[in-house]
>>> print(open('entry-v1.tsv').read())   # TSV, C-alpha atoms
chain	number	residue	atom	x	y	z
M	1	MET	CA	0.00	0.00	0.00
M	2	ASN	CA	1.76	3.18	-1.16
M	3	ILE	CA	1.48	6.68	0.24
M	4	GLN	CA	0.49	9.51	-2.06
M	5	THR	CA	1.38	13.09	-1.19
M	6	ASP	CA	-2.08	14.44	-1.92
M	7	LYS	CA	-3.62	11.89	0.47
M	8	ILE	CA	-1.41	12.94	3.38
M	9	GLY	CA	-1.01	16.70	3.05
M	10	ARG	CA	1.48	18.86	4.89
M	11	ASP	CA	2.49	18.62	8.51
M	12	ARG	CA	1.68	22.23	9.33
M	13	GLY	CA	2.58	21.80	13.00
M	14	LEU	CA	6.09	20.64	12.12
M	15	THR	CA	6.51	23.46	9.60
M	16	ALA	CA	5.38	26.01	12.20
M	17	ARG	CA	7.87	24.66	14.76
M	18	MET	CA	10.73	24.93	12.26
M	19	ILE	CA	9.77	28.51	11.39
M	20	LEU	CA	9.52	29.45	15.09
M	21	THR	CA	12.91	27.88	15.82
M	22	GLY	CA	14.47	29.75	12.90
M	23	PHE	CA	12.95	33.00	14.18
M	24	LEU	CA	14.33	32.41	17.69
M	25	LEU	CA	17.75	31.67	16.20
M	26	ALA	CA	17.56	34.99	14.36
M	27	LEU	CA	16.86	36.72	17.69
M	28	THR	CA	20.00	35.13	19.19
M	29	TYR	CA	22.01	36.65	16.31
M	30	ILE	CA	20.57	40.09	17.13
M	31	ALA	CA	21.35	39.63	20.83
M	32	LEU	CA	24.89	38.49	20.07
M	33	PHE	CA	25.70	41.45	17.83
M	34	GLY	CA	24.22	43.78	20.44
M	35	LEU	CA	26.64	42.37	23.01
M	36	LEU	CA	29.53	42.74	20.56
M	37	LEU	CA	28.75	46.44	20.29
M	38	ILE	CA	28.92	46.71	24.09
M	39	THR	CA	32.30	44.98	24.31
M	40	GLY	CA	33.81	46.92	21.43
M	41	ILE	CA	35.01	43.70	19.76
M	42	PRO	CA	35.20	44.29	15.98
M	43	ILE	CA	32.06	42.67	14.56
M	44	LEU	CA	33.60	42.36	11.10
M	45	PHE	CA	36.55	40.36	12.43
M	46	VAL	CA	34.26	37.95	14.30
M	47	LEU	CA	31.99	37.56	11.28
M	48	ILE	CA	34.91	36.82	8.96
M	49	PHE	CA	36.20	34.18	11.36
M	50	GLY	CA	32.79	32.52	11.87
M	51	VAL	CA	31.79	32.58	8.21
M	52	GLY	CA	35.23	31.26	7.25
M	53	MET	CA	34.83	28.28	9.58
M	54	VAL	CA	31.32	27.51	8.34
M	55	PHE	CA	32.30	28.13	4.72
M	56	PHE	CA	35.02	25.47	5.04
M	57	GLN	CA	32.54	23.05	6.62
M	58	TYR	CA	29.94	23.82	3.95
M	59	PHE	CA	32.21	23.02	1.02
M	60	PHE	CA	34.30	20.21	2.49
M	61	SER	CA	31.97	18.43	4.95
M	62	ASP	CA	31.39	15.49	2.59
M	63	LYS	CA	35.13	14.85	2.16
M	64	LEU	CA	35.81	15.30	5.88
M	65	VAL	CA	33.05	12.90	6.94
M	66	LEU	CA	34.17	10.23	4.45
M	67	LYS	CA	37.77	10.57	5.62
M	68	THR	CA	37.02	10.47	9.35
M	69	THR	CA	34.62	7.52	9.06
M	70	GLY	CA	36.73	5.50	6.62
M	71	ALA	CA	33.81	5.26	4.18
M	72	LYS	CA	34.86	4.14	0.70
M	73	VAL	CA	33.14	5.29	-2.48
M	74	VAL	CA	31.78	2.28	-4.39
M	75	ASN	CA	30.74	2.11	-8.04
M	76	ASP	CA	27.72	0.36	-9.55
M	77	LEU	CA	29.74	-2.81	-10.20
M	78	GLU	CA	30.78	-3.13	-6.56
M	79	GLU	CA	27.32	-2.36	-5.11
M	80	PRO	CA	24.79	-2.69	-7.94
M	81	LYS	CA	21.73	-2.99	-5.67
M	82	LEU	CA	22.57	0.19	-3.76
M	83	HIS	CA	23.10	2.16	-6.95
M	84	GLN	CA	19.89	0.83	-8.53
M	85	ILE	CA	17.76	1.74	-5.51
M	86	ILE	CA	19.29	5.21	-5.16
M	87	ASP	CA	18.95	5.88	-8.89
M	88	ARG	CA	15.28	4.87	-8.88
M	89	LEU	CA	14.42	6.81	-5.71
M	90	SER	CA	16.27	9.90	-6.95
M	91	LYS	CA	14.02	9.95	-9.99
M	92	LYS	CA	10.94	9.62	-7.79
M	93	ALA	CA	12.22	12.46	-5.59
M	94	GLU	CA	12.92	14.53	-8.75
M	95	ILE	CA	16.53	15.25	-7.79
M	96	PRO	CA	19.83	14.32	-9.48
M	97	LYS	CA	21.34	11.06	-8.33
M	98	PRO	CA	23.91	11.85	-5.58
M	99	LYS	CA	27.46	12.23	-6.81
M	100	SER	CA	28.78	9.32	-4.72
M	101	VAL	CA	27.62	6.16	-2.99
M	102	ALA	CA	29.86	4.94	-0.17
M	103	ASN	CA	30.21	1.94	2.10
M	104	MET	CA	31.55	1.78	5.65
M	105	ASP	CA	33.17	-1.49	6.70
M	106	VAL	CA	31.64	-1.62	10.19
M	107	GLU	CA	28.96	-3.81	11.73
M	108	VAL	CA	27.09	-0.88	13.30
M	109	PRO	CA	23.87	-0.72	11.22
M	110	ASN	CA	23.45	2.84	9.99
M	111	ALA	CA	23.43	5.26	7.06
M	112	PHE	CA	24.02	8.94	6.41
M	113	ALA	CA	23.87	11.63	3.74
M	114	THR	CA	26.30	14.50	3.38
M	115	GLY	CA	27.07	17.21	0.84
M	116	ARG	CA	25.95	20.79	0.29
M	117	SER	CA	23.53	20.09	-2.60
M	118	PRO	CA	22.02	17.20	-4.57
M	119	LYS	CA	24.78	17.49	-7.19
M	120	HIS	CA	27.48	17.28	-4.50
M	121	ALA	CA	25.85	14.73	-2.21
M	122	THR	CA	27.10	11.40	-0.92
M	123	ILE	CA	24.93	8.61	0.48
M	124	ALA	CA	26.79	6.16	2.72
M	125	VAL	CA	25.65	2.93	4.34
M	126	THR	CA	27.43	0.52	6.67
M	127	LYS	CA	27.89	-3.17	5.96
M	128	GLY	CA	26.00	-3.82	9.17
M	129	LEU	CA	22.95	-2.11	7.66
M	130	LEU	CA	23.14	-4.17	4.46
M	131	HIS	CA	23.38	-7.39	6.48
M	132	ARG	CA	20.47	-6.65	8.82
M	133	LEU	CA	17.75	-4.98	6.73
M	134	ASN	CA	15.54	-6.52	4.09
M	135	ASP	CA	15.19	-4.85	0.69
M	136	GLN	CA	12.07	-2.84	1.63
M	137	GLU	CA	13.67	-1.53	4.83
M	138	LEU	CA	16.89	-0.67	3.01
M	139	GLU	CA	14.91	1.26	0.41
M	140	ALA	CA	13.07	3.13	3.17
M	141	VAL	CA	16.34	4.17	4.83
M	142	LEU	CA	17.78	5.34	1.51
M	143	GLY	CA	14.57	7.30	0.89
M	144	HIS	CA	15.08	9.08	4.22
M	145	GLU	CA	18.67	9.97	3.30
M	146	LEU	CA	17.61	11.24	-0.12
M	147	ALA	CA	15.00	13.41	1.62
M	148	HIS	CA	17.86	15.05	3.54
M	149	VAL	CA	19.60	15.67	0.22
M	150	LYS	CA	16.44	17.04	-1.40
M	151	ASN	CA	15.77	19.35	1.56
M	152	ARG	CA	19.44	20.50	1.61
M	153	ASP	CA	19.58	19.73	5.30
M	154	VAL	CA	23.38	19.63	5.47
M	155	ALA	CA	23.53	23.19	4.10
M	156	VAL	CA	20.69	24.41	6.35
M	157	MET	CA	22.21	22.96	9.53
M	158	THR	CA	25.71	24.12	8.62
M	159	TRP	CA	24.62	27.75	8.32
M	160	ALA	CA	22.25	27.47	11.29
M	161	SER	CA	25.25	26.48	13.41
M	162	LEU	CA	27.10	29.71	12.53
M	163	ILE	CA	25.80	31.38	15.72
M	164	VAL	CA	27.18	28.46	17.79
M	165	VAL	CA	30.58	28.74	16.09
M	166	ILE	CA	30.79	32.51	16.67
M	167	ALA	CA	29.55	32.40	20.27
M	168	GLY	CA	31.88	29.50	21.10
M	169	TYR	CA	34.85	31.39	19.65
M	170	LEU	CA	33.96	34.52	21.62
M	171	MET	CA	33.61	32.50	24.84
M	172	GLN	CA	37.14	31.17	24.45
M	173	MET	CA	38.57	34.52	23.44
M	174	MET	CA	37.00	36.39	26.35
M	175	PHE	CA	38.00	33.66	28.80
M	176	TRP	CA	41.67	34.08	27.87
M	177	MET	CA	41.29	37.87	27.89
M	178	SER	CA	40.00	37.67	31.46
M	179	LEU	CA	42.97	35.53	32.52
M	180	PHE	CA	45.51	37.94	31.09
M	181	GLY	CA	43.79	41.15	32.09
M	182	GLY	CA	42.49	42.03	28.64
M	183	PHE	CA	39.12	43.31	29.81
M	184	GLY	CA	38.92	47.04	29.93
M	185	GLY	CA	42.48	47.68	28.73
M	186	GLY	CA	43.78	51.09	29.74
M	187	HIS	CA	40.32	52.27	30.81
M	188	ARG	CA	40.82	50.88	34.33
M	189	ARG	CA	43.14	53.71	35.35
M	190	GLU	CA	40.63	56.25	34.12
M	191	GLY	CA	37.69	55.01	36.15
M	192	GLY	CA	36.87	52.22	33.74
M	193	GLY	CA	35.13	50.09	36.37
M	194	GLN	CA	31.80	50.65	34.65
M	195	ILE	CA	33.21	49.43	31.35
M	196	TRP	CA	34.66	46.40	33.11
M	197	ALA	CA	31.24	45.56	34.57
M	198	MET	CA	29.54	45.96	31.18
M	199	ILE	CA	32.05	43.62	29.54
M	200	MET	CA	31.58	41.02	32.27
M	201	VAL	CA	27.82	41.21	31.71
M	202	ALA	CA	28.45	40.76	27.99
M	203	TYR	CA	30.66	37.74	28.75
M	204	VAL	CA	27.88	36.09	30.75
M	205	GLY	CA	25.41	37.02	27.99
M	206	ILE	CA	27.57	35.34	25.33
M	207	ILE	CA	27.70	32.16	27.45
M	208	ILE	CA	23.90	32.20	27.69
M	209	ILE	CA	23.56	32.83	23.94
M	210	TYR	CA	25.92	29.94	23.22
M	211	PHE	CA	23.84	27.42	25.17
M	212	VAL	CA	20.49	28.79	23.95
M	213	SER	CA	21.67	28.68	20.33
M	214	GLN	CA	22.90	25.12	20.88
M	215	LEU	CA	19.45	24.12	22.14
M	216	LEU	CA	17.72	25.83	19.22
M	217	THR	CA	20.08	24.35	16.62
M	218	MET	CA	19.57	20.84	18.00
M	219	ALA	CA	15.80	21.38	18.07
M	220	LEU	CA	15.90	22.44	14.41
M	221	SER	CA	17.95	19.33	13.63
M	222	ARG	CA	15.35	17.11	15.30
M	223	TYR	CA	12.53	18.78	13.36
M	224	ARG	CA	14.38	18.23	10.10
M	225	GLU	CA	14.77	14.54	10.98
M	226	TYR	CA	10.99	14.33	11.33
M	227	ALA	CA	10.66	16.11	7.97
M	228	ALA	CA	13.13	13.67	6.33
M	229	ASP	CA	11.19	10.72	7.76
M	230	ARG	CA	8.00	12.15	6.29
M	231	GLU	CA	9.48	13.10	2.92
M	232	GLY	CA	11.36	9.79	2.69
M	233	ALA	CA	8.17	7.85	3.41
M	234	ILE	CA	6.40	9.78	0.65
M	235	ILE	CA	9.27	9.08	-1.79
M	236	THR	CA	9.19	5.32	-1.15
M	237	GLY	CA	5.46	5.16	-0.48
M	238	THR	CA	5.78	2.92	2.59
M	239	PRO	CA	6.08	4.59	6.03
M	240	MET	CA	5.72	1.20	7.76
M	241	HIS	CA	8.98	-0.03	6.22
M	242	LEU	CA	10.90	2.99	7.52
M	243	ALA	CA	9.32	2.46	10.94
M	244	SER	CA	10.42	-1.17	10.83
M	245	ALA	CA	13.96	-0.18	9.77
M	246	LEU	CA	14.26	2.39	12.58
M	247	ARG	CA	13.16	-0.17	15.15
M	248	LYS	CA	15.59	-2.74	13.83
M	249	ILE	CA	18.55	-0.32	13.68
M	250	SER	CA	17.84	0.98	17.18
M	251	GLY	CA	17.52	-2.53	18.60
M	252	GLN	CA	20.75	-3.71	16.96
M	253	ILE	CA	22.73	-0.65	18.08
M	254	ALA	CA	21.72	-1.32	21.69
M	255	ARG	CA	23.46	-4.71	21.47
M	256	ILE	CA	26.75	-3.45	20.05
M	257	PRO	CA	29.60	-2.78	22.55
M	258	GLU	CA	30.33	0.90	23.09
M	259	LYS	CA	33.96	0.49	22.05
M	260	ASP	CA	32.73	-0.57	18.60
M	261	LEU	CA	30.26	2.32	18.46
M	262	ARG	CA	33.13	4.73	19.16
M	263	GLN	CA	34.56	3.78	15.75
M	264	VAL	CA	31.77	5.74	14.06
M	265	GLU	CA	31.29	8.64	16.52
M	266	HIS	CA	32.59	11.14	13.94
M	267	ALA	CA	29.44	10.55	11.88
M	268	ASN	CA	27.08	10.37	14.86
M	269	ALA	CA	25.13	13.55	14.02
M	270	PHE	CA	24.77	12.49	10.38
M	271	PHE	CA	23.40	8.98	11.02
M	272	ILE	CA	19.73	8.09	10.61
M	273	ILE	CA	19.89	7.01	14.29
M	274	PRO	CA	22.80	8.20	16.47
M	275	ALA	CA	25.14	5.35	17.38
M	276	LEU	CA	25.93	7.06	20.70
M	277	GLN	CA	22.88	8.37	22.52
M	278	GLY	CA	22.37	10.14	25.83
M	279	ARG	CA	19.89	8.58	28.21
M	280	MET	CA	19.08	11.57	30.42
M	281	SER	CA	16.39	14.13	29.64
M	282	ILE	CA	18.93	16.96	29.31
M	283	ALA	CA	20.88	14.83	26.82
M	284	SER	CA	17.74	14.41	24.71
M	285	MET	CA	17.43	18.21	24.53
M	286	MET	CA	20.96	18.40	23.13
M	287	SER	CA	20.44	15.48	20.75
M	288	SER	CA	20.43	16.04	16.99
M	289	HIS	CA	17.75	13.34	16.58
M	290	PRO	CA	14.31	12.75	18.11
M	291	SER	CA	13.60	9.51	19.96
M	292	THR	CA	13.11	6.43	17.80
M	293	GLU	CA	9.79	5.72	19.54
M	294	GLU	CA	8.36	9.11	18.54
M	295	ARG	CA	9.58	8.77	14.96
M	296	VAL	CA	8.04	5.31	14.63
M	297	LYS	CA	4.77	6.59	16.10
M	298	ARG	CA	4.58	9.41	13.52
M	299	LEU	CA	5.34	7.05	10.63
M	300	LEU	CA	2.66	4.58	11.69
M	301	GLU	CA	0.21	7.48	11.98
M	302	MET	CA	1.07	8.37	8.37
M	303	GLN	CA	0.39	4.81	7.31
M	304	SER	CA	-2.94	4.65	9.13
M	305	GLN	CA	-3.92	8.07	7.77
M	306	TYR	CA	-3.51	6.78	4.25
M	307	SER	CA	-5.32	3.55	5.08
M	308	ILE	CA	-8.33	5.50	6.38
M	309	SER	CA	-8.45	7.64	3.23
M	310	ASN	CA	-8.19	4.52	1.07
M	311	PRO	CA	-10.34	1.84	2.76
M	312	VAL	CA	-10.23	-1.70	1.42
M	313	HIS	CA	-13.69	-2.82	0.27
>>> encode(input="entry-v1.tsv", output="structure tokens")
Amino acid sequence: MNIQTDKIGRDRGLTARMILTGFLLALTYIALFGLLLITGIPILFVLIFGVGMVFFQYFFSDKLVLKTTGAKVVNDLEEPKLHQIIDRLSKKAEIPKPKSVANMDVEVPNAFATGRSPKHATIAVTKGLLHRLNDQELEAVLGHELAHVKNRDVAVMTWASLIVVIAGYLMQMMFWMSLFGGFGGGHRREGGGQIWAMIMVAYVGIIIIYFVSQLLTMALSRYREYAADREGAIITGTPMHLASALRKISGQIARIPEKDLRQVEHANAFFIIPALQGRMSIASMMSSHPSTEERVKRLLEMQSQYSISNPVH
């Protein structure tokens, strides 16, 4: 039973949450630049540094992730089934086939997509995933990853994290300035106590902005995972198979020793399900992915929604 977009409609609640999160992130940018004006730190210098860091990540993230994970690009002779599925689903998603298909020689079942655009994307799967999923589940996972590519999620999250990069840099810089007496400069001898106090307030404000922007960025990441689940299920037409794959991957990861999971921690934020997951509530707030249980619940609701609109007589 296949899902059709017109039978499901949009998830307006999810769209609204993403817009709200983006708006709150924009407010953190305004607050940060306001604090920079107070401290007298050259805004242009900070912007150049932050944009430079993100620019590098934006253009080279695919190469960096492949290198750090040990993923190897495979051609259609080495992995014909993978290439065939990705080629077919790319056409259904109306995007170019990703530039590369890669394989990771690890038993941790997982997959990820990286790259700044569909023409520069790479889809990677682990051997553990290929061994543990059936063809329908594998197709569902690849549909999810192609949804990330179609939605340009790597680019969106890279630029959304700019505020975190800038605030983190400023935190370190101001910490070292405080150690070596950089706050206030020569103003102290001229009654600069007020300036000193303002800069200390700005320092605390930047710390707050850093953690708030982290929370907002991770929330946006979780919402985009929900969106990729939804879009991927529409591409393949079978939400139940993605739900089944998520359950299977999550269950298998729980049985794998942590020392083996550490081998793939560099790609943790990219994976369809993080290999290393926090178990406390605060950790879930800082997680890039929603809980597997909630994702499965939403996918099964999609399936039942379609079933209701298309009853079997």
>>> closest_residue(input="entry-v1.tsv", among="M:Leu32, M:Asp105, M:Ala155, M:His241", to="M:Ile208", atoms="all atoms listed in the file")
M:Leu32
>>> closest_residue(input="entry-v1.tsv", among="M:Arg12, M:Arg152, M:Arg295, M:Arg222", to="M:Ile95", atoms="all atoms listed in the file")
M:Arg152
>>> closest_atom_pairs(input="entry-v1.tsv", of="stretch 78-147 of chain M", to="stretch 261-273 of chain M", cutoff="7 Å", atoms="all atoms listed in the file", output="CSV")
residue,atom,partner,partner_atom,distance
M:Val108,CA,M:Leu261,CA,6.8
M:Asn110,CA,M:Phe271,CA,6.2
M:Ala111,CA,M:Phe271,CA,5.4
M:Phe112,CA,M:Phe271,CA,4.7
M:Ala113,CA,M:Phe270,CA,6.8
>>> write_last_selection(input="entry-v1.tsv", atoms="C-alpha atoms", output="PDB file, in the coordinates of the input")
ATOM      1  CA  VAL M 108      27.090  -0.880  13.300  1.00  0.00           C
ATOM      2  CA  ASN M 110      23.450   2.840   9.990  1.00  0.00           C
ATOM      3  CA  ALA M 111      23.430   5.260   7.060  1.00  0.00           C
ATOM      4  CA  PHE M 112      24.020   8.940   6.410  1.00  0.00           C
ATOM      5  CA  ALA M 113      23.870  11.630   3.740  1.00  0.00           C
TER       6      ALA M 113
END
>>> atom_distance(input="entry-v1.tsv", atom1="atom CA of M:Ser90", atom2="atom CA of M:Asn103")
18.4 Å
>>> residues_near_point(input="entry-v1.tsv", point="(18.8, 7.9, 2.6)", cutoff="7 Å", atoms="all atoms listed in the file", output="ChimeraX atom specification")
/M:111-113,123,141-147
>>> atom_distance(input="entry-v1.tsv", atom1="atom CA of M:Ser100", atom2="atom CA of M:Ser221")
23.5 Å
>>> closest_residue(input="entry-v1.tsv", among="M:Val106, M:Glu137, M:Glu301, M:Ala228", to="M:Arg247", atoms="only C-alpha atoms")
M:Glu137
>>> closest_residue(input="entry-v1.tsv", among="M:Met104, M:Gln305, M:Glu139, M:Met198", to="M:Gly40", atoms="all atoms listed in the file")
M:Met198
>>> closest_residue(input="entry-v1.tsv", among="M:Leu133, M:Leu64, M:Ala197, M:Leu220", to="M:Lys248", atoms="all atoms listed in the file")
M:Leu133
>>> closest_residue(input="entry-v1.tsv", among="M:Leu162, M:Val125, M:Ile253, M:Met171", to="M:Ile207", atoms="all atoms listed in the file")
M:Met171
>>> residues_around(input="entry-v1.tsv", residues="M:Lys150", least_positions_apart="5", cutoff="12 Å", atoms="only C-alpha atoms", output="PDB file with C-alpha atoms, in the coordinates of the input")
ATOM      1  CA  LEU M  89      14.420   6.810  -5.710  1.00  0.00           C
ATOM      2  CA  SER M  90      16.270   9.900  -6.950  1.00  0.00           C
ATOM      3  CA  LYS M  91      14.020   9.950  -9.990  1.00  0.00           C
ATOM      4  CA  LYS M  92      10.940   9.620  -7.790  1.00  0.00           C
ATOM      5  CA  ALA M  93      12.220  12.460  -5.590  1.00  0.00           C
ATOM      6  CA  GLU M  94      12.920  14.530  -8.750  1.00  0.00           C
ATOM      7  CA  ILE M  95      16.530  15.250  -7.790  1.00  0.00           C
ATOM      8  CA  PRO M  96      19.830  14.320  -9.480  1.00  0.00           C
ATOM      9  CA  LYS M  97      21.340  11.060  -8.330  1.00  0.00           C
ATOM     10  CA  PRO M  98      23.910  11.850  -5.580  1.00  0.00           C
ATOM     11  CA  ALA M 113      23.870  11.630   3.740  1.00  0.00           C
ATOM     12  CA  THR M 114      26.300  14.500   3.380  1.00  0.00           C
ATOM     13  CA  GLY M 115      27.070  17.210   0.840  1.00  0.00           C
ATOM     14  CA  ARG M 116      25.950  20.790   0.290  1.00  0.00           C
ATOM     15  CA  SER M 117      23.530  20.090  -2.600  1.00  0.00           C
ATOM     16  CA  PRO M 118      22.020  17.200  -4.570  1.00  0.00           C
ATOM     17  CA  LYS M 119      24.780  17.490  -7.190  1.00  0.00           C
ATOM     18  CA  HIS M 120      27.480  17.280  -4.500  1.00  0.00           C
ATOM     19  CA  ALA M 121      25.850  14.730  -2.210  1.00  0.00           C
ATOM     20  CA  GLY M 143      14.570   7.300   0.890  1.00  0.00           C
ATOM     21  CA  HIS M 144      15.080   9.080   4.220  1.00  0.00           C
ATOM     22  CA  GLU M 145      18.670   9.970   3.300  1.00  0.00           C
ATOM     23  CA  ALA M 155      23.530  23.190   4.100  1.00  0.00           C
ATOM     24  CA  VAL M 156      20.690  24.410   6.350  1.00  0.00           C
ATOM     25  CA  ARG M 224      14.380  18.230  10.100  1.00  0.00           C
ATOM     26  CA  ALA M 227      10.660  16.110   7.970  1.00  0.00           C
ATOM     27  CA  ALA M 228      13.130  13.670   6.330  1.00  0.00           C
ATOM     28  CA  GLU M 231       9.480  13.100   2.920  1.00  0.00           C
ATOM     29  CA  GLY M 232      11.360   9.790   2.690  1.00  0.00           C
ATOM     30  CA  ILE M 235       9.270   9.080  -1.790  1.00  0.00           C
TER      31      ILE M 235
END
>>> residues_around(input="entry-v1.tsv", residues="M:Gly205", least_positions_apart="3", cutoff="12 Å", atoms="only C-alpha atoms", output="PyMOL selection string")
chain M and resi 28+31-36+38-39+167+170-171+174+198-202+208-213
>>> residues_around(input="entry-v1.tsv", residues="M:Leu246", least_positions_apart="4", cutoff="8 Å", atoms="all atoms listed in the file", output="ChimeraX atom specification")
/M:242,250,273,292,296
>>> atom_distance(input="entry-v1.tsv", atom1="atom CA of M:Ser287", atom2="atom CA of M:Ala233")
22.6 Å
>>> residues_around(input="entry-v1.tsv", residues="M:Val54", least_positions_apart="3", cutoff="7 Å", atoms="all atoms listed in the file", output="NGL selection string")
:M and (50-51 or 57-58 or 158-159 or 162)
>>> residues_around(input="entry-v1.tsv", residues="M:Leu25", least_positions_apart="5", cutoff="9 Å", atoms="all atoms listed in the file", output="number ranges by chain")
M: 20, 30, 160, 163, 212-213, 216-217
>>> build_atoms(input="entry-v1.tsv", residues="stretch 80-91 of chain M", atoms="N, CA and C atoms", output="compact mmCIF listing (two decimals), keeping the file's coordinate frame")
# COMPACT_ATOMS: atom_id res chain seq x y z
N PRO M 80 25.84 -2.98 -6.95
CA PRO M 80 24.79 -2.69 -7.94
C PRO M 80 23.42 -2.43 -7.33
N LYS M 81 23.06 -3.18 -6.27
CA LYS M 81 21.73 -2.99 -5.67
C LYS M 81 21.59 -1.60 -5.07
N LEU M 82 22.61 -1.15 -4.35
CA LEU M 82 22.57 0.19 -3.76
C LEU M 82 22.38 1.25 -4.82
N HIS M 83 23.17 1.17 -5.88
CA HIS M 83 23.10 2.16 -6.95
C HIS M 83 21.73 2.13 -7.64
N GLN M 84 21.19 0.95 -7.86
CA GLN M 84 19.89 0.83 -8.53
C GLN M 84 18.78 1.47 -7.70
N ILE M 85 18.79 1.19 -6.38
CA ILE M 85 17.76 1.74 -5.51
C ILE M 85 17.87 3.26 -5.45
N ILE M 86 19.08 3.77 -5.27
CA ILE M 86 19.29 5.21 -5.16
C ILE M 86 18.94 5.91 -6.47
N ASP M 87 19.29 5.30 -7.58
CA ASP M 87 18.95 5.88 -8.89
C ASP M 87 17.44 5.97 -9.06
N ARG M 88 16.73 4.89 -8.72
CA ARG M 88 15.28 4.87 -8.88
C ARG M 88 14.59 5.86 -7.94
N LEU M 89 15.04 5.90 -6.68
CA LEU M 89 14.42 6.81 -5.71
C LEU M 89 14.74 8.28 -6.02
N SER M 90 15.91 8.53 -6.57
CA SER M 90 16.27 9.90 -6.95
C SER M 90 15.32 10.42 -8.02
N LYS M 91 14.97 9.55 -8.95
CA LYS M 91 14.02 9.95 -9.99
C LYS M 91 12.65 10.23 -9.40
